[in-house]
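Have a look at the structure below, then the notes.
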Amino acid sequence: MAKFYVTTAIDYSNGEPHLGHALEKIGADCIARYRRLAGDDVHFLMGMDEHSQSVIQAAASAQLSPQAWVDRMAATFADYWRRLYCSHDDWIRTTEPRHARAVTALLERIRARHPDDLFEAEYEGLYCTGCEEFKTGAQIVNGHCIEHPTLELIPTKERNHFFRLSAYRDAVLERIRSGSFAVEPEIRRNEVVRLLEAGLQDISISRQRQPWGIPFPGDAQQTVYVWFDALINYLSATGFPDPGYERLWPADLHVIGKGITRFHCVIWPAMLLAAELAPPRRVWAHGYVQWSGAKMSKTAGTAVSLGEAIDYHGADALRYYLLRDVGFANDGDFTWERFDARYIADLANTFGNLVSRALTMIQSYRGGTVPRASQGRATPLDDAAREAAVAYRRAMDGYRLEDGAAQWMDLAGRANRYIEETAPWKLAKAGKDAELDQVLASLARTVAQLAVLGQPFVPTTAETVWSLFGPSPASPAPGPLVQVHLADVSGLDVAGRQVAKPPILFPKPRLTPA
RNA sequence: GGCGGCGUAGCUCAGCUGGUUAGAGCAGCGGAAUCAUAAUCCGCGGGUCGUCGGUUCGAGUCCGACCGCCGCUACCA
């Protein structure tokens with residue numbers, strides 16, 4: 001069983017999560033669930049980034065200690081991810097001892113193996129407490145950071161510890177070009193490659209007078225710069241530096257937003273190389289959720305409440321809509337109208353109604369028992385299902401989640417057409433039992449397959465549909481959905497199972513009366 | 001400023017190395033059917049393929065310029 005260690009970016013503890021956070025977590029969860037389905041031994045990590053100046057400020061304005069504040073934020077985030085059915089195996093917080101230990105160990109390991117890579121120097125510049133970065137050039141407009149126009153940039157001059165990032169340009173570039181370190185989608189890889197080709201400067205990795213952070217090893221006056229600290233979370237969660245961390249490391253996939261590729265695709269692999277540790281195998285940088293083509297903004301009133309979006313049609317529906325319509329590569333729009341359109345046309349009318357009509361016919365024509373087809377085996381629908389599974393797999397293996405979702409939904413559409421083509425109600429009236437058995441059996445198989453393939457997108461709905469196939473004399477319990485392997489999906493046998501009356505999976509919102 | 005991407009039917013987008021009447025889904029219109037969540041299925045798309053020019057027997061598909069969006073990056077007031 002192949003190990004698959006997947007991570008999301010850890011979230012800053014300075015505000016409520018929004019749709020953008022949600023897209024990343026949902027996408028990563030979709031991948032994690034898919035890899036489990038494909039038989040991998042998945043380890044899925046999420047967590048919180050809890051150091052930094054902005055946390056101190058947020059805590060102060062809430063009249064809380066930093067620790068009390070981050071505890072509260074962690075609980076808030078975790079609750080949202082629970083509501084979205086995130087299936088993470090571990091949850092790391094950078095204030096945990098295991099993380100501080102790993103950060104210290106990594107720095108000491110770099111110092112031991114490449115002492116020249118860590119040095120002290122003076123740094124001077126404008127510091128944005130929102131980004132926790134020094135800002136230069138076009139990042140500054142009207143004297144403010146473009147990301148945080150309401151915050152003051154702080155002129156800062158201090159003696160810091162530096163990391164010799166410039167020494168690793170060629171090594172990182174070579175790994176990206178050769179593919180041993182994959183940066184995707186392609187547009188992101190090209191950006192990173194150009195960035196590397198342009199050359200790198202050494203970076204400051206410590207801060208003075210920043211009590212809320214991890215002490216810099218060998219220099220009690222300074223703390224580890226929050227970004228340098230944060231990246232290491234992926235390693236901390238493996239148990240590093242204790243023996244056995246290699247069971248998980250290197251990470252197979254870091255899922256991040258397109259705005260932080262520099263840290264993950266340049267600095268992070270360089271840090272690891274300096275410590276003589278393997279860089280991650282792959283980074284996937286997703287796009288952003290937009291509102292009518294513009295960045296979501298609270299001030300412009302275009303920020304959508306995540307809680308509201310979850311409650312609107314349910315978490316499964318939000319997951320499907322975001323992954324199918326907004327997508328996991330490029331930027332995409334969120335609008336309530338588009339959400340409605342996907343929900344009604346796809347989830348309710350195509351998928352939900354398919355399950356409803358297929359199982360209802362098995363109820364009324366076969367007393368609720370899935371018939372065993374006597375003649376032939378593969379119907380045109382079975383053939384279509386097999387092809388869909390192949391295309392689905394190809395899309396999901398390449399992290400093209402929107403394509404995977406489309407393949408899944410298209411199969412449901414194909415099944416609806418199959419019903420029209422075969423018209424089981426006519427077969428029933430005409431007493432063509434063998435043909436009817438074959439059609440109903442094929443439909444049941446396909447619905448079961450849809451439950452399996454739909455898991456990464458609509459986990460609870462998939463579970464519900466799967467559980468509709470009850471015990472049969474030959475096989476008392478259907479067995480958990482999560483134990484079904486993707487390789488077996490085309491050979492699923494539900495003949496003989498007793499099906500329950502199908503519930504309304506995706507109830508349609510009542511239309512507003514005129 | 002540099003580098004890169006995008007601009008195709010009302011909406012979201014496919015269109016690989018140039019070649020029959022430019023496609024899909026959604027929405028809309030018409031029809032059929034009745035197992036089903038008034039769901040489904042079938043039929044219907046004359047859209048300057050951003051603009052102009054070029055290469056070619058032939059360009060949405062290559063080249064150039066321009067317009068409009070967008071991304072990354074740069075010690076540009």
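Letters A, B, ... mark the chains of the structure tokens in the order given; residue numbers begin at 1 per chain; ligand numbers begin at 1, in order shown.
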
task: Fewer than 6 positions away in the same chain doesn't count, so skip those; otherwise give me all residues within 6 Å of range 56-72 of chain B, counting only C-alpha atoms (C1' of nucleotides), as a PyMOL selection string.
output: (chain A and resi 191) or (chain B and resi 18+49)

Per residue of chain B within 12 Å of chain A, which atom pair is closest and at what distance in Å (one decimal), using only C-alpha atoms (C1' of nucleotides), listed by chain and increasing number, as a Markdown table?
| residue | atom | partner | partner_atom | distance |
| --- | --- | --- | --- | --- |
| B:G1 | C1' | A:Ala138 | CA | 11.0 |
| B:G2 | C1' | A:Ala198 | CA | 10.4 |
| B:C3 | C1' | A:Arg194 | CA | 7.5 |
| B:G4 | C1' | A:Glu191 | CA | 7.5 |
| B:G5 | C1' | A:Ile187 | CA | 7.9 |
| B:C6 | C1' | A:Asn330 | CA | 11.2 |
| B:C11 | C1' | A:Arg338 | CA | 9.2 |
| B:U12 | C1' | A:Asp325 | CA | 7.9 |
| B:C13 | C1' | A:Asp325 | CA | 10.3 |
| B:A14 | C1' | A:Asp403 | CA | 11.8 |
| B:A24 | C1' | A:Asp410 | CA | 11.5 |
| B:G25 | C1' | A:Ala406 | CA | 9.8 |
| B:C26 | C1' | A:Ala341 | CA | 7.5 |
| B:A27 | C1' | A:Ala341 | CA | 9.2 |
| B:A32 | C1' | A:Glu420 | CA | 10.8 |
| B:A33 | C1' | A:Glu420 | CA | 8.4 |
| B:U34 | C1' | A:Trp425 | CA | 8.9 |
| B:C35 | C1' | A:Arg357 | CA | 5.6 |
| B:A36 | C1' | A:Arg357 | CA | 4.0 |
| B:U37 | C1' | A:Asn353 | CA | 5.9 |
| B:A38 | C1' | A:Asn349 | CA | 11.4 |
| B:A39 | C1' | A:Asn349 | CA | 5.9 |
| B:U40 | C1' | A:Asn416 | CA | 6.9 |
| B:C41 | C1' | A:Glu420 | CA | 6.0 |
| B:C42 | C1' | A:Glu420 | CA | 10.1 |
| B:C69 | C1' | A:Gly293 | CA | 9.8 |
| B:C70 | C1' | A:Gly293 | CA | 9.8 |
| B:G71 | C1' | A:Glu191 | CA | 9.2 |
| B:C72 | C1' | A:Glu191 | CA | 5.9 |
| B:U73 | C1' | A:Leu195 | CA | 7.1 |
| B:A74 | C1' | A:Gly137 | CA | 7.0 |
| B:C75 | C1' | A:Thr136 | CA | 7.0 |
| B:C76 | C1' | A:Gly137 | CA | 7.9 |
| B:A77 | C1' | A:Asn142 | CA | 11.0 |

- request: Please provide the set of residues having any atom within 8 Å of Leu381 in chain A, restricted to only C-alpha atoms (C1' of nucleotides), with same-chain residues fewer than 4 positions apart removed, written as a ChimeraX atom specification.
  value: /A:385,414-415,418,442-443,446

message: Quick check for you: according to DSSP on this backbone, which residues of range 458-492 of chain A are classed as helix (DSSP H, G or I)? Reply as a PyMOL selection string.
response: chain A and resi 459-467+481-483+486-491

field: Given only C-alpha atoms as the counted atoms, nearest of A:Phe162, A:Tyr234, A:Trp466, A:Trp69 to Glu122 in chain A
entry: A:Phe162

message: Excluding Ser178 in chain A and its own-chain neighbours fewer than 6 positions away, which residues fall within 12 Å of it when counting only C-alpha atoms (C1' of nucleotides)? Please give them as a ChimeraX atom specification.
response: /A:170-172,189,193,281

Got a sec: who's within 8 Å of range 200-217 of chain A, counting only C-alpha atoms (C1' of nucleotides), leaving out chain neighbours fewer than 3 positions off, as an mmCIF file with N, CA, C and O atoms, in the first residue's frame?
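Contents of around13.cif, freshly written:
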data_model
loop_
_atom_site.group_PDB
_atom_site.id
_atom_site.type_symbol
_atom_site.label_atom_id
_atom_site.label_comp_id
_atom_site.auth_asym_id
_atom_site.auth_seq_id
_atom_site.Cartn_x
_atom_site.Cartn_y
_atom_site.Cartn_z
ATOM 1 N N HIS A 51 1.778 31.761 15.280
ATOM 2 C CA HIS A 51 2.700 32.798 15.742
ATOM 3 C C HIS A 51 2.435 34.068 14.953
ATOM 4 O O HIS A 51 1.475 34.135 14.197
ATOM 5 N N SER A 52 3.281 35.048 15.131
ATOM 6 C CA SER A 52 3.260 36.293 14.375
ATOM 7 C C SER A 52 2.635 37.458 15.124
ATOM 8 O O SER A 52 1.833 37.302 16.050
ATOM 9 N N GLN A 53 3.028 38.615 14.634
ATOM 10 C CA GLN A 53 2.617 39.885 15.212
ATOM 11 C C GLN A 53 1.103 40.059 15.127
ATOM 12 O O GLN A 53 0.469 40.558 16.049
ATOM 13 N N ILE A 56 -0.789 38.650 17.984
ATOM 14 C CA ILE A 56 -0.702 39.457 19.213
ATOM 15 C C ILE A 56 -1.716 40.593 19.148
ATOM 16 O O ILE A 56 -2.439 40.862 20.109
ATOM 17 N N PRO A 66 -2.489 35.827 23.912
ATOM 18 C CA PRO A 66 -2.286 35.186 22.603
ATOM 19 C C PRO A 66 -2.686 33.716 22.606
ATOM 20 O O PRO A 66 -3.333 33.245 21.677
ATOM 21 N N ALA A 100 7.687 23.195 17.914
ATOM 22 C CA ALA A 100 8.872 23.944 18.346
ATOM 23 C C ALA A 100 10.107 23.045 18.309
ATOM 24 O O ALA A 100 11.193 23.458 17.877
ATOM 25 N N VAL A 103 11.227 22.597 14.692
ATOM 26 C CA VAL A 103 11.832 23.814 14.150
ATOM 27 C C VAL A 103 13.268 23.935 14.648
ATOM 28 O O VAL A 103 14.199 24.184 13.875
ATOM 29 N N THR A 104 13.417 23.743 15.943
ATOM 30 C CA THR A 104 14.754 23.809 16.532
ATOM 31 C C THR A 104 15.669 22.757 15.912
ATOM 32 O O THR A 104 16.798 23.037 15.529
ATOM 33 N N LEU A 107 16.737 23.655 12.299
ATOM 34 C CA LEU A 107 17.761 24.699 12.251
ATOM 35 C C LEU A 107 19.111 24.157 12.715
ATOM 36 O O LEU A 107 20.154 24.461 12.123
ATOM 37 N N GLU A 108 19.078 23.353 13.750
ATOM 38 C CA GLU A 108 20.346 22.799 14.242
ATOM 39 C C GLU A 108 20.947 21.831 13.238
ATOM 40 O O GLU A 108 22.158 21.747 13.086
ATOM 41 N N TYR A 123 19.371 43.923 8.544
ATOM 42 C CA TYR A 123 18.326 44.098 7.541
ATOM 43 C C TYR A 123 17.586 45.386 7.811
ATOM 44 O O TYR A 123 17.336 45.767 8.945
ATOM 45 N N GLU A 158 17.179 45.919 11.774
ATOM 46 C CA GLU A 158 17.655 45.079 12.868
ATOM 47 C C GLU A 158 18.636 44.030 12.387
ATOM 48 O O GLU A 158 18.720 43.728 11.195
ATOM 49 N N ARG A 159 19.357 43.501 13.366
ATOM 50 C CA ARG A 159 20.321 42.451 13.066
ATOM 51 C C ARG A 159 19.590 41.122 13.146
ATOM 52 O O ARG A 159 18.937 40.809 14.134
ATOM 53 N N ASN A 160 19.652 40.353 12.078
ATOM 54 C CA ASN A 160 18.902 39.108 12.032
ATOM 55 C C ASN A 160 19.760 37.939 11.597
ATOM 56 O O ASN A 160 20.853 38.112 11.056
ATOM 57 N N HIS A 161 19.184 36.769 11.811
ATOM 58 C CA HIS A 161 19.799 35.571 11.253
ATOM 59 C C HIS A 161 19.275 35.395 9.834
ATOM 60 O O HIS A 161 18.092 35.610 9.564
ATOM 61 N N PHE A 162 20.178 35.006 8.958
ATOM 62 C CA PHE A 162 19.821 34.838 7.547
ATOM 63 C C PHE A 162 20.025 33.399 7.103
ATOM 64 O O PHE A 162 20.850 32.674 7.658
ATOM 65 N N PHE A 163 19.280 33.060 6.098
ATOM 66 C CA PHE A 163 19.445 31.751 5.467
ATOM 67 C C PHE A 163 19.980 31.981 4.055
ATOM 68 O O PHE A 163 19.471 32.819 3.317
ATOM 69 N N ARG A 164 20.996 31.198 3.688
ATOM 70 C CA ARG A 164 21.632 31.406 2.392
ATOM 71 C C ARG A 164 20.799 30.749 1.278
ATOM 72 O O ARG A 164 21.180 29.753 0.670
ATOM 73 N N LEU A 165 19.676 31.355 1.036
ATOM 74 C CA LEU A 165 18.750 30.833 0.025
ATOM 75 C C LEU A 165 19.398 30.788 -1.349
ATOM 76 O O LEU A 165 19.167 29.866 -2.137
ATOM 77 N N SER A 166 20.228 31.797 -1.632
ATOM 78 C CA SER A 166 20.819 31.924 -2.977
ATOM 79 C C SER A 166 21.627 30.688 -3.365
ATOM 80 O O SER A 166 21.754 30.370 -4.543
ATOM 81 N N ARG A 169 19.508 27.910 -5.451
ATOM 82 C CA ARG A 169 18.748 28.197 -6.664
ATOM 83 C C ARG A 169 18.873 27.070 -7.692
ATOM 84 O O ARG A 169 17.874 26.547 -8.176
ATOM 85 N N LEU A 195 10.993 32.858 -11.664
ATOM 86 C CA LEU A 195 11.452 33.478 -10.431
ATOM 87 C C LEU A 195 12.848 32.988 -10.083
ATOM 88 O O LEU A 195 13.749 33.763 -9.747
ATOM 89 N N LEU A 196 13.050 31.702 -10.213
ATOM 90 C CA LEU A 196 14.342 31.111 -9.894
ATOM 91 C C LEU A 196 15.411 31.560 -10.895
ATOM 92 O O LEU A 196 16.536 31.854 -10.523
ATOM 93 N N ALA A 220 18.813 33.698 22.208
ATOM 94 C CA ALA A 220 17.579 33.901 22.971
ATOM 95 C C ALA A 220 16.951 35.254 22.696
ATOM 96 O O ALA A 220 15.795 35.491 23.037
ATOM 97 N N GLN A 221 17.700 36.154 22.069
ATOM 98 C CA GLN A 221 17.176 37.495 21.792
ATOM 99 C C GLN A 221 16.186 37.496 20.612
ATOM 100 O O GLN A 221 15.485 38.469 20.396
ATOM 101 N N GLN A 222 16.179 36.421 19.853
ATOM 102 C CA GLN A 222 15.377 36.448 18.631
ATOM 103 C C GLN A 222 14.454 35.232 18.543
ATOM 104 O O GLN A 222 14.705 34.196 19.152
ATOM 105 N N THR A 223 13.417 35.412 17.762
ATOM 106 C CA THR A 223 12.525 34.288 17.485
ATOM 107 C C THR A 223 12.583 33.958 15.998
ATOM 108 O O THR A 223 12.995 34.778 15.174
ATOM 109 N N VAL A 224 12.167 32.772 15.676
ATOM 110 C CA VAL A 224 12.191 32.328 14.286
ATOM 111 C C VAL A 224 11.099 33.070 13.515
ATOM 112 O O VAL A 224 9.955 33.166 13.969
ATOM 113 N N TYR A 225 11.479 33.595 12.390
ATOM 114 C CA TYR A 225 10.545 34.310 11.527
ATOM 115 C C TYR A 225 9.341 33.400 11.228
ATOM 116 O O TYR A 225 9.497 32.219 10.922
ATOM 117 N N VAL A 226 8.160 33.988 11.318
ATOM 118 C CA VAL A 226 6.948 33.178 11.309
ATOM 119 C C VAL A 226 6.782 32.324 10.046
ATOM 120 O O VAL A 226 6.292 31.199 10.097
ATOM 121 N N PHE A 228 9.213 31.061 8.193
ATOM 122 C CA PHE A 228 10.183 29.965 8.272
ATOM 123 C C PHE A 228 9.660 28.913 9.244
ATOM 124 O O PHE A 228 9.703 27.709 8.991
ATOM 125 N N ASP A 229 9.124 29.401 10.321
ATOM 126 C CA ASP A 229 8.501 28.549 11.333
ATOM 127 C C ASP A 229 7.326 27.768 10.736
ATOM 128 O O ASP A 229 7.248 26.544 10.838
#

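If you look at CA of Trp284 in chain A and CA of Glu186 in chain A, they are 9.7 Å away from each other.
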
field: Interatomic distance, CA of Ala412 in chain A to CA of Ala441 in chain A (Å, one decimal)
entry: 15.4 Å

Residue contacts of range 33-37 of chain A (12 Å, only C-alpha atoms (C1' of nucleotides)) excluding same-chain residues fewer than 2 positions away, as a PyMOL selection string: chain A and resi 1-6+25-31+39-44+85-89+252-253+392-401+404-405+451-459+462+481-489

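The gap separating CA of Ala315 in chain A from CA of Ala9 in chain A is 20.8 Å, in Å to one decimal.
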
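For Asp493 in chain A, the set of protein, DNA and RNA residues having any atom at most 7 Å away, when counting only C-alpha atoms (C1' of nucleotides) and skipping those fewer than 2 positions along the same chain, is A:Arg445, A:Gly491, A:Ala495.
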
Take the residues just selected and output them with N, CA and C atoms as a JSON list (two decimals), in the first residue's frame.
[["chain", "number", "residue", "atom", "x", "y", "z"],
["A", 445, "ARG", "N", -26.33, -1.37, -10.27],
["A", 445, "ARG", "CA", -24.87, -1.37, -10.28],
["A", 445, "ARG", "C", -24.32, 0.04, -10.46],
["A", 491, "GLY", "N", -16.69, -3.84, -11.00],
["A", 491, "GLY", "CA", -17.17, -5.19, -10.77],
["A", 491, "GLY", "C", -18.12, -5.30, -9.59],
["A", 495, "ALA", "N", -26.48, -7.47, -6.80],
["A", 495, "ALA", "CA", -27.63, -8.35, -7.06],
["A", 495, "ALA", "C", -28.06, -9.04, -5.78]]
